[in-house]
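Shown below: entry_39.txt, with compact mmCIF, C-alpha atoms.
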```txt
# COMPACT_ATOMS: atom_id res chain seq x y z
CA MET Z 21 37.23 -66.20 -193.54
CA ASN Z 22 37.30 -67.36 -189.95
CA MET Z 23 34.26 -67.57 -187.69
CA ASN Z 24 34.42 -70.06 -184.84
CA LEU Z 25 31.67 -70.73 -182.30
CA TYR Z 26 32.03 -72.41 -178.92
CA GLY Z 27 28.87 -73.37 -177.04
CA HIS Z 28 28.18 -74.38 -173.47
CA ASN Z 29 24.96 -74.49 -171.44
CA ASN Z 30 22.97 -72.56 -174.09
CA ASN Z 31 25.62 -69.83 -174.30
CA TRP Z 32 27.94 -69.11 -177.21
CA LEU Z 33 31.33 -67.48 -177.69
CA MET Z 34 32.49 -66.32 -181.14
CA VAL Z 35 36.19 -66.37 -181.97
CA ASP Z 36 37.08 -64.17 -184.96
CA CYS Z 37 34.83 -62.72 -187.64
CA GLY Z 38 36.71 -62.40 -190.91
CA VAL Z 39 36.45 -61.96 -194.66
CA THR Z 40 38.05 -63.45 -197.70
CA PHE Z 41 38.46 -61.89 -201.13
CA ARG Z 42 37.48 -63.33 -204.45
CA ALA Z 43 38.66 -62.01 -207.80
CA PRO Z 44 37.19 -64.03 -210.67
CA LEU Z 45 39.81 -64.13 -213.38
CA ASP Z 46 37.27 -63.38 -216.11
CA ARG Z 47 36.78 -59.96 -214.53
CA LEU Z 48 40.45 -59.09 -214.64
CA ASP Z 49 40.66 -57.97 -218.22
CA ASP Z 50 40.97 -54.74 -220.14
CA GLN Z 51 37.57 -55.20 -221.75
CA ASN Z 52 35.69 -54.85 -218.46
CA PRO Z 53 37.39 -51.98 -216.59
CA SER Z 54 34.28 -50.96 -214.64
CA ALA Z 55 33.74 -54.36 -213.03
CA LYS Z 56 34.30 -54.81 -209.30
CA LEU Z 57 37.73 -56.40 -209.06
CA PHE Z 58 37.30 -57.78 -205.58
CA ASP Z 59 34.27 -58.96 -203.67
CA MET Z 60 34.48 -59.28 -199.91
CA VAL Z 61 32.96 -62.52 -198.73
CA ALA Z 62 32.11 -63.44 -195.13
CA PRO Z 63 30.64 -66.51 -193.46
CA ASP Z 64 26.85 -66.50 -193.35
CA PRO Z 65 26.17 -66.03 -189.60
CA VAL Z 66 22.52 -67.15 -189.68
CA PHE Z 67 23.12 -69.92 -187.10
CA ILE Z 68 24.35 -67.57 -184.37
CA GLU Z 69 22.17 -64.67 -185.57
CA ASN Z 70 19.17 -66.82 -184.68
CA ARG Z 71 20.69 -67.25 -181.20
CA GLN Z 72 21.91 -63.68 -180.79
CA GLU Z 73 20.60 -63.37 -177.24
CA SER Z 74 22.83 -66.32 -176.26
CA LEU Z 75 26.04 -64.82 -177.73
CA ALA Z 76 28.15 -63.77 -174.75
CA GLY Z 77 30.86 -62.02 -176.73
CA ILE Z 78 33.26 -61.97 -179.67
CA VAL Z 79 37.01 -62.51 -179.25
CA ILE Z 80 39.32 -61.36 -182.07
CA THR Z 81 42.69 -63.13 -181.98
CA HIS Z 82 44.60 -60.76 -184.30
CA ALA Z 83 44.21 -58.03 -186.90
CA HIS Z 84 44.34 -59.86 -190.23
CA GLU Z 85 41.35 -59.34 -192.51
CA ASP Z 86 40.37 -63.01 -192.46
CA HIS Z 87 39.92 -62.72 -188.69
CA VAL Z 88 38.55 -59.19 -188.14
CA GLY Z 89 37.41 -57.84 -191.51
CA ALA Z 90 33.70 -58.77 -191.32
CA VAL Z 91 32.99 -57.12 -187.96
CA PRO Z 92 31.86 -53.72 -189.34
CA ALA Z 93 29.38 -55.35 -191.72
CA LEU Z 94 28.05 -58.07 -189.42
CA TRP Z 95 28.15 -56.64 -185.88
CA LYS Z 96 24.53 -55.38 -186.03
CA ARG Z 97 23.49 -59.03 -186.25
CA PHE Z 98 25.27 -59.83 -182.97
CA LYS Z 99 25.25 -56.67 -180.81
CA CYS Z 100 27.65 -57.99 -178.18
CA PRO Z 101 30.99 -56.86 -176.69
CA ILE Z 102 34.23 -57.48 -178.58
CA TYR Z 103 37.37 -58.53 -176.68
CA THR Z 104 40.83 -58.09 -178.18
CA THR Z 105 44.32 -56.70 -177.54
CA LYS Z 106 45.46 -53.13 -178.22
CA PHE Z 107 46.87 -53.37 -181.75
CA THR Z 108 43.85 -55.27 -183.05
CA ALA Z 109 41.53 -52.91 -181.19
CA GLU Z 110 43.06 -49.92 -183.00
CA VAL Z 111 42.70 -51.65 -186.38
CA LEU Z 112 39.06 -52.37 -185.59
CA ARG Z 113 38.34 -48.84 -184.37
CA ARG Z 114 39.63 -47.38 -187.62
CA LYS Z 115 37.38 -49.69 -189.60
CA LEU Z 116 34.40 -48.71 -187.47
CA TYR Z 117 35.08 -44.96 -187.76
CA MET Z 118 33.75 -45.16 -191.33
CA THR Z 119 30.46 -46.77 -190.31
CA ASP Z 120 27.31 -45.74 -188.47
CA ILE Z 121 27.95 -48.15 -185.59
CA ALA Z 122 31.28 -46.80 -184.31
CA GLU Z 123 29.73 -45.45 -181.11
CA LEU Z 124 27.68 -48.58 -180.49
CA VAL Z 125 30.37 -51.26 -180.55
CA GLN Z 126 31.86 -51.98 -177.13
CA ILE Z 127 35.53 -52.90 -177.58
CA ILE Z 128 37.17 -54.26 -174.44
CA VAL Z 129 40.97 -54.08 -174.65
CA VAL Z 130 42.66 -57.07 -173.04
CA ASP Z 131 46.28 -57.25 -171.88
CA PRO Z 132 48.41 -60.24 -172.94
CA GLY Z 133 48.31 -62.98 -170.34
CA THR Z 134 44.91 -61.85 -169.06
CA THR Z 135 42.15 -64.28 -168.06
CA ILE Z 136 38.56 -63.04 -168.32
CA ASP Z 137 35.15 -64.63 -167.73
CA ILE Z 138 32.83 -64.11 -170.72
CA GLY Z 139 29.54 -65.69 -169.81
CA PRO Z 140 30.31 -69.30 -168.79
CA PHE Z 141 33.62 -69.22 -170.69
CA THR Z 142 36.89 -68.46 -168.93
CA VAL Z 143 39.22 -67.15 -171.64
CA SER Z 144 43.00 -66.75 -171.29
CA TRP Z 145 45.10 -64.82 -173.84
CA LEU Z 146 48.44 -66.49 -174.67
CA ALA Z 147 50.97 -64.46 -176.71
CA ILE Z 148 51.97 -66.20 -179.94
CA THR Z 149 54.28 -65.18 -182.78
CA HIS Z 150 52.78 -64.38 -186.19
CA SER Z 151 53.45 -61.77 -188.92
CA LEU Z 152 51.90 -58.77 -187.18
CA PRO Z 153 51.86 -57.48 -183.59
CA ASP Z 154 49.69 -58.69 -180.75
CA ALA Z 155 48.61 -62.08 -182.11
CA HIS Z 156 47.22 -64.38 -179.43
CA ALA Z 157 46.14 -67.95 -178.95
CA LEU Z 158 43.28 -68.65 -176.54
CA PHE Z 159 42.69 -71.15 -173.76
CA ILE Z 160 38.94 -71.49 -173.28
CA GLN Z 161 37.66 -73.23 -170.14
CA THR Z 162 34.17 -74.36 -169.21
CA PRO Z 163 33.02 -76.66 -166.36
CA VAL Z 164 32.88 -79.63 -168.75
CA ALA Z 165 35.64 -79.16 -171.33
CA THR Z 166 38.62 -76.97 -172.30
CA VAL Z 167 39.90 -75.87 -175.69
CA PHE Z 168 43.27 -74.52 -176.81
CA HIS Z 169 42.53 -72.38 -179.87
CA THR Z 170 45.81 -71.55 -181.62
CA ALA Z 171 44.52 -69.04 -184.21
CA ASP Z 172 47.34 -68.13 -186.68
CA TRP Z 173 50.83 -68.76 -185.34
CA LYS Z 174 54.33 -70.07 -185.88
CA ILE Z 175 57.46 -70.61 -183.80
CA ASP Z 176 59.65 -67.55 -184.36
CA PHE Z 177 62.57 -66.65 -182.11
CA ASN Z 178 63.22 -63.39 -183.99
CA PRO Z 179 59.72 -62.13 -184.90
CA ILE Z 180 60.67 -58.41 -185.29
CA THR Z 181 57.42 -57.01 -183.82
CA ASP Z 182 56.93 -59.01 -180.62
CA GLN Z 183 58.89 -60.90 -178.01
CA PRO Z 184 60.55 -64.13 -179.19
CA PHE Z 185 58.41 -67.25 -179.08
CA ASN Z 186 58.13 -68.64 -175.54
CA ALA Z 187 57.14 -72.29 -175.21
CA ALA Z 188 56.65 -72.20 -171.42
CA PRO Z 189 52.96 -71.15 -171.36
CA PHE Z 190 52.07 -73.91 -173.80
CA LYS Z 191 53.97 -76.54 -171.86
CA GLN Z 192 52.00 -75.44 -168.80
CA LEU Z 193 48.76 -76.23 -170.61
CA ALA Z 194 49.71 -79.92 -170.69
CA LYS Z 195 49.24 -80.04 -166.92
CA MET Z 196 45.58 -79.11 -167.49
CA ARG Z 197 45.23 -81.70 -170.29
CA PRO Z 198 43.07 -79.68 -172.70
CA THR Z 199 40.13 -81.51 -174.16
CA ALA Z 200 40.85 -80.22 -177.65
CA MET Z 201 43.40 -78.24 -179.62
CA VAL Z 202 41.93 -76.32 -182.56
CA CYS Z 203 44.96 -75.70 -184.74
CA ASP Z 204 46.10 -73.73 -187.80
CA SER Z 205 46.86 -76.10 -190.72
CA THR Z 206 47.98 -73.62 -193.41
CA ASN Z 207 51.53 -74.96 -193.79
CA ALA Z 208 50.96 -78.54 -192.63
CA LEU Z 209 52.34 -79.84 -195.94
CA ARG Z 210 55.68 -78.03 -195.50
CA SER Z 211 58.54 -79.85 -193.83
CA GLY Z 212 60.84 -78.42 -191.18
CA TYR Z 213 60.27 -75.27 -189.15
CA SER Z 214 58.75 -72.05 -190.43
CA LEU Z 215 61.28 -69.42 -191.49
CA SER Z 216 61.86 -66.51 -189.12
CA GLU Z 217 61.08 -62.89 -189.95
CA GLY Z 218 64.67 -62.24 -188.90
CA ASP Z 219 65.90 -64.55 -191.70
CA CYS Z 220 63.70 -62.65 -194.12
CA GLU Z 221 65.19 -59.32 -193.04
CA LEU Z 222 68.70 -60.61 -193.74
CA GLY Z 223 67.66 -61.93 -197.15
CA LEU Z 224 66.03 -58.63 -198.10
CA LEU Z 225 69.17 -56.76 -197.02
CA ARG Z 226 71.39 -58.92 -199.24
CA THR Z 227 68.97 -58.59 -202.16
CA ILE Z 228 68.56 -54.81 -201.95
CA GLN Z 229 72.29 -54.27 -201.51
CA GLN Z 230 72.67 -55.61 -205.05
CA CYS Z 231 70.06 -53.28 -206.59
CA GLN Z 232 71.47 -50.51 -208.80
CA GLY Z 233 68.37 -48.39 -209.37
CA ARG Z 234 65.21 -48.03 -207.34
CA ALA Z 235 64.25 -50.99 -205.17
CA ILE Z 236 60.49 -51.59 -205.16
CA VAL Z 237 59.27 -54.21 -202.68
CA THR Z 238 55.70 -55.49 -202.69
CA CYS Z 239 54.33 -57.38 -199.72
CA PHE Z 240 51.06 -57.98 -197.87
CA GLY Z 241 49.84 -54.67 -196.49
CA SER Z 242 49.19 -55.99 -192.98
CA ASN Z 243 52.68 -57.42 -192.46
CA VAL Z 244 54.05 -54.90 -189.94
CA ALA Z 245 57.09 -57.07 -189.24
CA ARG Z 246 58.06 -56.90 -192.92
CA LEU Z 247 57.66 -53.10 -192.94
CA ILE Z 248 59.95 -52.75 -189.93
CA SER Z 249 62.49 -55.09 -191.54
CA LEU Z 250 62.43 -53.04 -194.75
CA ALA Z 251 62.83 -49.79 -192.83
CA ARG Z 252 65.93 -51.27 -191.18
CA VAL Z 253 67.22 -52.39 -194.58
CA ALA Z 254 66.66 -48.88 -195.94
CA ALA Z 255 68.73 -47.40 -193.11
CA LYS Z 256 71.55 -49.91 -193.66
CA THR Z 257 71.66 -49.37 -197.43
CA GLY Z 258 71.40 -45.57 -197.39
CA ARG Z 259 67.98 -45.47 -199.03
CA TYR Z 260 64.91 -43.39 -198.26
CA MET Z 261 61.84 -45.59 -197.77
CA THR Z 262 58.32 -44.61 -198.69
CA LEU Z 263 54.98 -46.41 -198.64
CA LEU Z 264 52.62 -46.55 -201.61
CA GLY Z 265 49.16 -47.86 -200.79
CA ARG Z 266 46.56 -46.93 -198.19
CA SER Z 267 46.70 -50.24 -196.35
CA LEU Z 268 50.46 -49.88 -195.83
CA GLU Z 269 50.12 -46.29 -194.64
CA ASN Z 270 47.31 -47.29 -192.29
CA MET Z 271 49.26 -50.17 -190.75
CA TYR Z 272 52.32 -47.97 -190.30
CA SER Z 273 50.18 -45.37 -188.55
CA ILE Z 274 48.59 -47.98 -186.27
CA ALA Z 275 52.00 -49.44 -185.41
CA ARG Z 276 53.21 -45.96 -184.42
CA THR Z 277 50.05 -45.22 -182.43
CA THR Z 278 50.28 -48.45 -180.44
CA GLY Z 279 54.04 -48.27 -179.83
CA TYR Z 280 55.15 -51.07 -182.13
CA TRP Z 281 57.08 -48.90 -184.58
CA PRO Z 282 60.69 -48.11 -183.58
CA ASP Z 283 61.11 -44.33 -183.25
CA GLU Z 284 64.48 -44.33 -185.02
CA LEU Z 285 63.05 -45.74 -188.27
CA LYS Z 286 61.88 -42.91 -190.52
CA ILE Z 287 59.51 -43.00 -193.48
CA SER Z 288 59.73 -40.46 -196.30
CA HIS Z 289 56.64 -38.86 -197.77
CA ARG Z 290 55.61 -40.46 -201.05
CA ARG Z 291 55.49 -37.08 -202.80
CA ASP Z 292 59.21 -36.54 -202.18
CA ILE Z 293 60.39 -39.85 -203.57
CA GLY Z 294 60.27 -38.84 -207.23
CA TYR Z 295 62.92 -36.14 -206.70
CA LEU Z 296 65.57 -38.43 -205.16
CA PRO Z 297 68.42 -40.22 -206.97
CA LYS Z 298 67.28 -43.69 -208.00
CA HIS Z 299 69.89 -45.54 -205.93
CA GLU Z 300 68.62 -43.79 -202.77
CA VAL Z 301 65.02 -44.97 -203.12
CA LEU Z 302 63.25 -47.92 -201.48
CA ILE Z 303 59.54 -48.11 -202.28
CA VAL Z 304 57.18 -50.49 -200.49
CA ALA Z 305 54.02 -50.94 -202.55
CA THR Z 306 50.73 -52.77 -202.31
CA GLY Z 307 49.71 -55.07 -205.15
CA SER Z 308 51.61 -58.30 -204.54
CA GLN Z 309 48.70 -60.34 -205.92
CA GLY Z 310 48.63 -58.57 -209.28
CA GLU Z 311 45.84 -56.12 -208.45
CA PRO Z 312 45.98 -53.59 -211.32
CA ARG Z 313 44.55 -50.75 -209.22
CA ALA Z 314 46.97 -51.21 -206.33
CA ALA Z 315 50.18 -49.20 -206.10
CA LEU Z 316 52.43 -51.67 -207.94
CA GLY Z 317 49.88 -52.04 -210.72
CA ARG Z 318 49.78 -48.27 -211.15
CA LEU Z 319 53.58 -48.11 -211.22
CA ALA Z 320 53.62 -50.84 -213.86
CA GLY Z 321 51.03 -48.92 -215.85
CA ASP Z 322 52.94 -45.62 -215.62
CA ASN Z 323 49.99 -43.91 -213.96
CA HIS Z 324 51.03 -43.48 -210.35
CA PRO Z 325 50.86 -39.79 -209.36
CA ASP Z 326 53.91 -39.81 -207.08
CA CYS Z 327 56.58 -41.85 -208.84
CA GLU Z 328 57.68 -43.46 -212.08
CA VAL Z 329 59.77 -46.60 -212.51
CA GLU Z 330 62.39 -47.05 -215.20
CA ALA Z 331 64.57 -49.67 -216.80
CA GLY Z 332 67.17 -50.88 -214.31
CA ASP Z 333 64.88 -50.60 -211.30
CA THR Z 334 64.17 -53.82 -209.36
CA VAL Z 335 60.79 -55.14 -208.17
CA ILE Z 336 60.99 -57.65 -205.31
CA PHE Z 337 57.96 -59.81 -204.45
CA SER Z 338 58.30 -60.33 -200.69
CA SER Z 339 55.16 -62.45 -200.75
CA ILE Z 340 53.68 -65.68 -202.01
CA THR Z 341 51.14 -66.22 -204.76
CA ILE Z 342 47.71 -66.88 -203.31
CA PRO Z 343 46.05 -69.70 -205.29
CA GLY Z 344 43.80 -68.19 -207.93
CA ASN Z 345 45.99 -65.13 -208.46
CA GLU Z 346 48.58 -66.75 -210.72
CA LYS Z 347 47.39 -65.14 -213.96
CA PRO Z 348 47.14 -61.53 -212.66
CA ILE Z 349 50.63 -61.82 -211.15
CA GLU Z 350 52.08 -63.34 -214.33
CA LYS Z 351 50.54 -60.51 -216.35
CA MET Z 352 52.05 -57.89 -214.05
CA VAL Z 353 55.50 -59.51 -214.04
CA GLU Z 354 55.50 -59.65 -217.84
CA ASN Z 355 54.53 -55.98 -217.99
CA LEU Z 356 57.32 -54.99 -215.59
CA LYS Z 357 59.94 -57.01 -217.46
CA SER Z 358 58.85 -55.53 -220.79
CA LYS Z 359 59.77 -52.11 -219.38
CA GLY Z 360 63.28 -53.28 -218.54
CA LEU Z 361 62.74 -53.76 -214.81
CA ASN Z 362 64.37 -56.60 -212.93
CA VAL Z 363 61.82 -58.80 -211.13
CA ILE Z 364 62.66 -61.09 -208.22
CA GLN Z 365 59.96 -63.42 -206.91
CA SER Z 366 60.24 -65.21 -203.59
CA ASN Z 367 60.19 -68.71 -205.12
CA GLU Z 368 63.09 -67.80 -207.44
CA SER Z 369 65.31 -65.79 -205.09
CA VAL Z 370 68.63 -67.14 -203.84
CA HIS Z 371 67.92 -65.33 -200.55
CA THR Z 372 65.00 -65.63 -198.13
CA ILE Z 373 62.76 -62.69 -199.02
CA HIS Z 374 59.45 -63.98 -197.65
CA ALA Z 375 58.54 -65.83 -194.48
CA SER Z 376 55.11 -67.27 -193.81
CA GLY Z 377 53.30 -66.52 -190.58
CA HIS Z 378 52.03 -70.08 -190.19
CA PRO Z 379 53.44 -73.30 -188.67
CA ASN Z 380 55.33 -75.89 -190.68
CA GLN Z 381 55.35 -79.57 -189.73
CA GLU Z 382 58.01 -79.30 -187.02
CA ASP Z 383 56.24 -76.31 -185.44
CA LEU Z 384 53.03 -78.36 -185.32
CA SER Z 385 54.82 -81.41 -183.94
CA ASP Z 386 56.37 -79.41 -181.10
CA MET Z 387 53.10 -77.72 -180.17
CA TYR Z 388 51.18 -81.01 -180.03
CA GLU Z 389 53.93 -82.47 -177.86
CA TRP Z 390 53.89 -79.48 -175.47
CA VAL Z 391 50.12 -79.10 -175.13
CA SER Z 392 49.20 -82.80 -175.23
CA PRO Z 393 45.48 -82.41 -175.96
CA LYS Z 394 43.05 -85.32 -175.98
CA VAL Z 395 41.61 -84.28 -179.34
CA ALA Z 396 43.09 -82.51 -182.38
CA ILE Z 397 40.74 -80.41 -184.54
CA PRO Z 398 42.67 -79.08 -187.56
CA VAL Z 399 41.29 -75.89 -189.16
CA HIS Z 400 42.37 -73.16 -191.60
CA GLY Z 401 43.33 -74.98 -194.78
CA GLU Z 402 42.16 -77.17 -197.63
CA PRO Z 403 41.28 -80.82 -196.85
CA GLU Z 404 44.82 -82.02 -197.64
CA HIS Z 405 46.22 -79.53 -195.10
CA LEU Z 406 43.72 -80.62 -192.44
CA HIS Z 407 44.55 -84.30 -192.91
CA ALA Z 408 48.30 -83.59 -192.81
CA ASN Z 409 47.81 -81.70 -189.54
CA ALA Z 410 45.78 -84.60 -188.11
CA LEU Z 411 48.53 -87.07 -189.04
CA ILE Z 412 51.12 -85.00 -187.17
CA ALA Z 413 48.83 -84.93 -184.12
CA LYS Z 414 48.45 -88.71 -184.29
CA GLN Z 415 52.21 -89.16 -184.52
CA GLN Z 416 52.58 -87.07 -181.37
CA GLY Z 417 50.21 -89.31 -179.43
CA VAL Z 418 46.97 -87.33 -179.68
CA GLY Z 419 44.35 -90.06 -179.41
CA THR Z 420 41.54 -88.52 -181.47
CA GLN Z 421 41.62 -86.38 -184.61
CA LEU Z 422 38.44 -84.76 -185.88
CA VAL Z 423 38.70 -83.61 -189.48
CA GLY Z 424 35.41 -82.19 -190.67
CA LEU Z 425 33.91 -79.60 -192.97
CA ASN Z 426 32.77 -76.03 -192.46
CA GLY Z 427 29.59 -76.13 -190.39
CA ASP Z 428 30.32 -79.42 -188.65
CA LEU Z 429 29.62 -79.42 -184.93
CA TYR Z 430 32.08 -81.10 -182.58
CA GLN Z 431 30.74 -82.40 -179.27
CA LEU Z 432 33.49 -82.47 -176.64
CA ALA Z 433 31.49 -83.44 -173.54
CA PRO Z 434 30.27 -85.69 -172.07
CA SER Z 435 31.61 -87.74 -174.97
CA ILE Z 436 33.67 -86.74 -177.99
CA LYS Z 437 32.18 -86.98 -181.46
CA LEU Z 438 31.68 -85.17 -184.74
CA ILE Z 439 28.09 -84.28 -185.62
CA LYS Z 440 27.94 -83.90 -189.40
CA ASN Z 441 25.90 -81.19 -191.11
CA ALA Z 442 24.76 -79.79 -187.80
CA VAL Z 443 24.97 -76.14 -188.78
CA LYS Z 444 23.73 -74.62 -192.00
CA VAL Z 445 26.67 -72.79 -193.54
CA GLY Z 446 27.15 -70.51 -196.45
CA ARG Z 447 28.83 -67.28 -197.40
CA ILE Z 448 27.61 -63.81 -198.13
CA ASP Z 449 29.00 -61.00 -200.24
CA ILE Z 450 29.43 -57.94 -198.00
CA THR Z 451 31.22 -55.70 -200.49
CA ASP Z 452 28.31 -53.28 -200.87
CA LEU Z 453 27.23 -53.46 -197.23
CA ASN Z 454 30.34 -51.66 -196.07
CA LYS Z 455 32.58 -50.32 -198.82
CA SER Z 456 34.74 -48.50 -196.28
CA ILE Z 457 36.40 -51.72 -195.09
CA ARG Z 458 37.60 -52.62 -198.60
CA THR Z 459 41.01 -51.16 -197.76
```

This entry written out as structure tokens:
Amino acid sequence: MNMNLYGHNNNWLMVDCGVTFRAPLDRLDDQNPSAKLFDMVAPDPVFIENRQESLAGIVITHAHEDHVGAVPALWKRFKCPIYTTKFTAEVLRRKLYMTDIAELVQIIVVDPGTTIDIGPFTVSWLAITHSLPDAHALFIQTPVATVFHTADWKIDFNPITDQPFNAAPFKQLAKMRPTAMVCDSTNALRSGYSLSEGDCELGLLRTIQQCQGRAIVTCFGSNVARLISLARVAAKTGRYMTLLGRSLENMYSIARTTGYWPDELKISHRRDIGYLPKHEVLIVATGSQGEPRAALGRLAGDNHPDCEVEAGDTVIFSSITIPGNEKPIEKMVENLKSKGLNVIQSNESVHTIHASGHPNQEDLSDMYEWVSPKVAIPVHGEPEHLHANALIAKQQGVGTQLVGLNGDLYQLAPSIKLIKNAVKVGRIDITDLNKSIRT
């Protein structure tokens, strides 16, 4: 649940405003069917809420829930303009349509490569490759210090949804010698380079070519690149593809609206899929984390209104297991196998069927070499990920690494230091504040 604040001369800039989801395992049982399965949790914004008049604006780097999901519930506490690119803007608008603040929120759509002054902050948008369209890193300049904020990224030369990764803009930053690089640490423990979405498409093609009955693929609902890859696979294997799950349907619609969906790739209506021969069906379903009320959970429970699965069908997990979700996923896999379905999980597949959207060690090493910041500030990960990121920065000649905790304040000018426990932090449950953004 990302919320970053940059301050200069009594002004503040917020970068991202996201949620996380918690699903206590003791709630996921048949004895408590009425319990809320998922709570939406956001950072407690009391620090900046108390300085609301000094908040110049909010910049959203991309459309994943952990970067944009808390805006509808928290914006009334900030009441400032939001700057983002077109795909993310459309995602945000659709979230806001279901609230009473839709007409109040000023969304300023920014073109890639644009530089805009927001209060005393000069912000440049740098296109980066991730797992959905329009993801951007930021270069933030003030009169006393500059920051390269990577947001979520990886090096991908075949990203499906965007242009191939281009290192040139980041090499140019080295000439400006950024004060700090605030960098994604999610995969800092993984060696080599991150896998490409193009590799994943090839692996899914080879896997689905071997399926005899229906092919059911579950993936993260926001992964537009994966949806496009699967639509291409469907065309190549002579299957009709349909989407089961509101988040998938919404992302497909947004991709079409913003021009990111190829016109030649067709999606079949979910109500038609039950009448087709099994070997002509490719279903993409929500529920990769074992959520019993998501589409895959309903298929496994034989209570989906539009389709039934049968022995001989294949379920492919084009996803990873998020820590904490092991038991719900194991339960679902056991249920599917007991019905005679074949189940292929990404960690067991002989082909690449999932690719992360985050940088591995070699991606990080290259970026630190290109940008050459004075200070590395690892974020977005557990402590072991942050320390691994810092070690890579050190190996690439970055002189200072600041590894802190949520709420720590980093002073970058006139001197560089970490001020511990400077900001009171916490988290708040926003599930009931805005139920419409649950999807």

Distance query 12 Å from (61.1, -70.3, -188.2) using all atoms listed in the file, result as a ChimeraX atom specification: /Z:149-151,173-179,184-185,210-220,372,374-384

Near-Z:Val202 list (8 Å; all atoms listed in the file; drop same-chain fewer than 4 positions) as a PyMOL selection string: chain Z and resi 167-171+396-399

Atom pair atom CA of Z:Leu319 / atom CA of Z:Ile248: separation (Å):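 Atom CA of Z:Leu319 sits 22.7 Å away from atom CA of Z:Ile248.
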
Neighbour list for Z:Gln421 as a ChimeraX atom specification, cut-off 12 Å, all atoms listed in the file, skip fewer than 6 positions in-chain: /Z:199-203,388,393-399,406-415,430,436-438

Separation of atom CA of Z:Glu354 from atom CA of Z:Ala314 in Å: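 Calculated distance between atom CA of Z:Ala314 and atom CA of Z:Glu354 is 16.6 Å.
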
Coordinates-based distance that separates atom CA of Z:His156 from atom CA of Z:Arg71 (Å, one decimal): 26.7 Å

Shell around stretch 30-39 of chain Z at 8 Å using all atoms listed in the file, local window under 6 positions removed, as an MDAnalysis selection string: chainID Z and resid 21:24 60:63 74:81 85:91 138:141

Best match for closeness to Z:Val445 among Z:Leu425, Z:Trp281, Z:Gly223, Z:Gln431, counting all atoms listed in the file: Z:Leu425

Residues near Z:Asp292, anyone? I mean within 9 Å using only C-alpha atoms, not counting same-chain ones fewer than 2 positions away, as a short mmCIF file (atom, residue, chain, number, x, y, z; two decimals) with C-alpha atoms, keeping the file's coordinate frame.
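Everything below was put into out.cif:
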```cif
data_model
loop_
_atom_site.label_atom_id
_atom_site.label_comp_id
_atom_site.auth_asym_id
_atom_site.auth_seq_id
_atom_site.Cartn_x
_atom_site.Cartn_y
_atom_site.Cartn_z
CA THR Z 262 58.32 -44.61 -198.69
CA SER Z 288 59.73 -40.46 -196.30
CA HIS Z 289 56.64 -38.86 -197.77
CA ARG Z 290 55.61 -40.46 -201.05
CA GLY Z 294 60.27 -38.84 -207.23
CA TYR Z 295 62.92 -36.14 -206.70
CA LEU Z 296 65.57 -38.43 -205.16
CA ASP Z 326 53.91 -39.81 -207.08
CA CYS Z 327 56.58 -41.85 -208.84
#
```

Residue nearest Z:Ile274 - candidates Z:Ala122, Z:Cys231, Z:Val244, Z:Ala208, atoms counted: all atoms listed in the file: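 Nearest candidate to Z:Ile274 out of Z:Ala122, Z:Cys231, Z:Val244, Z:Ala208: Z:Val244.
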
Residue nearest Z:Ile127 among Z:Ile102, Z:Ala147, Z:Val66, Z:Ile236 (counting all atoms listed in the file): Z:Ile102

At a cut-off of 9 Å around the point (42.8, -56.0, -178.3) (file coordinates), what residues fall inside when counting all atoms listed in the file? I'd like the answer as a compact mmCIF listing (two decimals) with C-alpha atoms, in the coordinates of the input.
```txt
# COMPACT_ATOMS: atom_id res chain seq x y z
CA VAL Z 79 37.01 -62.51 -179.25
CA ILE Z 80 39.32 -61.36 -182.07
CA THR Z 81 42.69 -63.13 -181.98
CA HIS Z 82 44.60 -60.76 -184.30
CA ALA Z 83 44.21 -58.03 -186.90
CA ILE Z 102 34.23 -57.48 -178.58
CA TYR Z 103 37.37 -58.53 -176.68
CA THR Z 104 40.83 -58.09 -178.18
CA THR Z 105 44.32 -56.70 -177.54
CA LYS Z 106 45.46 -53.13 -178.22
CA PHE Z 107 46.87 -53.37 -181.75
CA THR Z 108 43.85 -55.27 -183.05
CA ALA Z 109 41.53 -52.91 -181.19
CA GLU Z 110 43.06 -49.92 -183.00
CA LEU Z 112 39.06 -52.37 -185.59
CA ILE Z 127 35.53 -52.90 -177.58
CA ILE Z 128 37.17 -54.26 -174.44
CA VAL Z 129 40.97 -54.08 -174.65
CA VAL Z 130 42.66 -57.07 -173.04
CA ASP Z 131 46.28 -57.25 -171.88
CA PRO Z 132 48.41 -60.24 -172.94
CA ASP Z 154 49.69 -58.69 -180.75
```
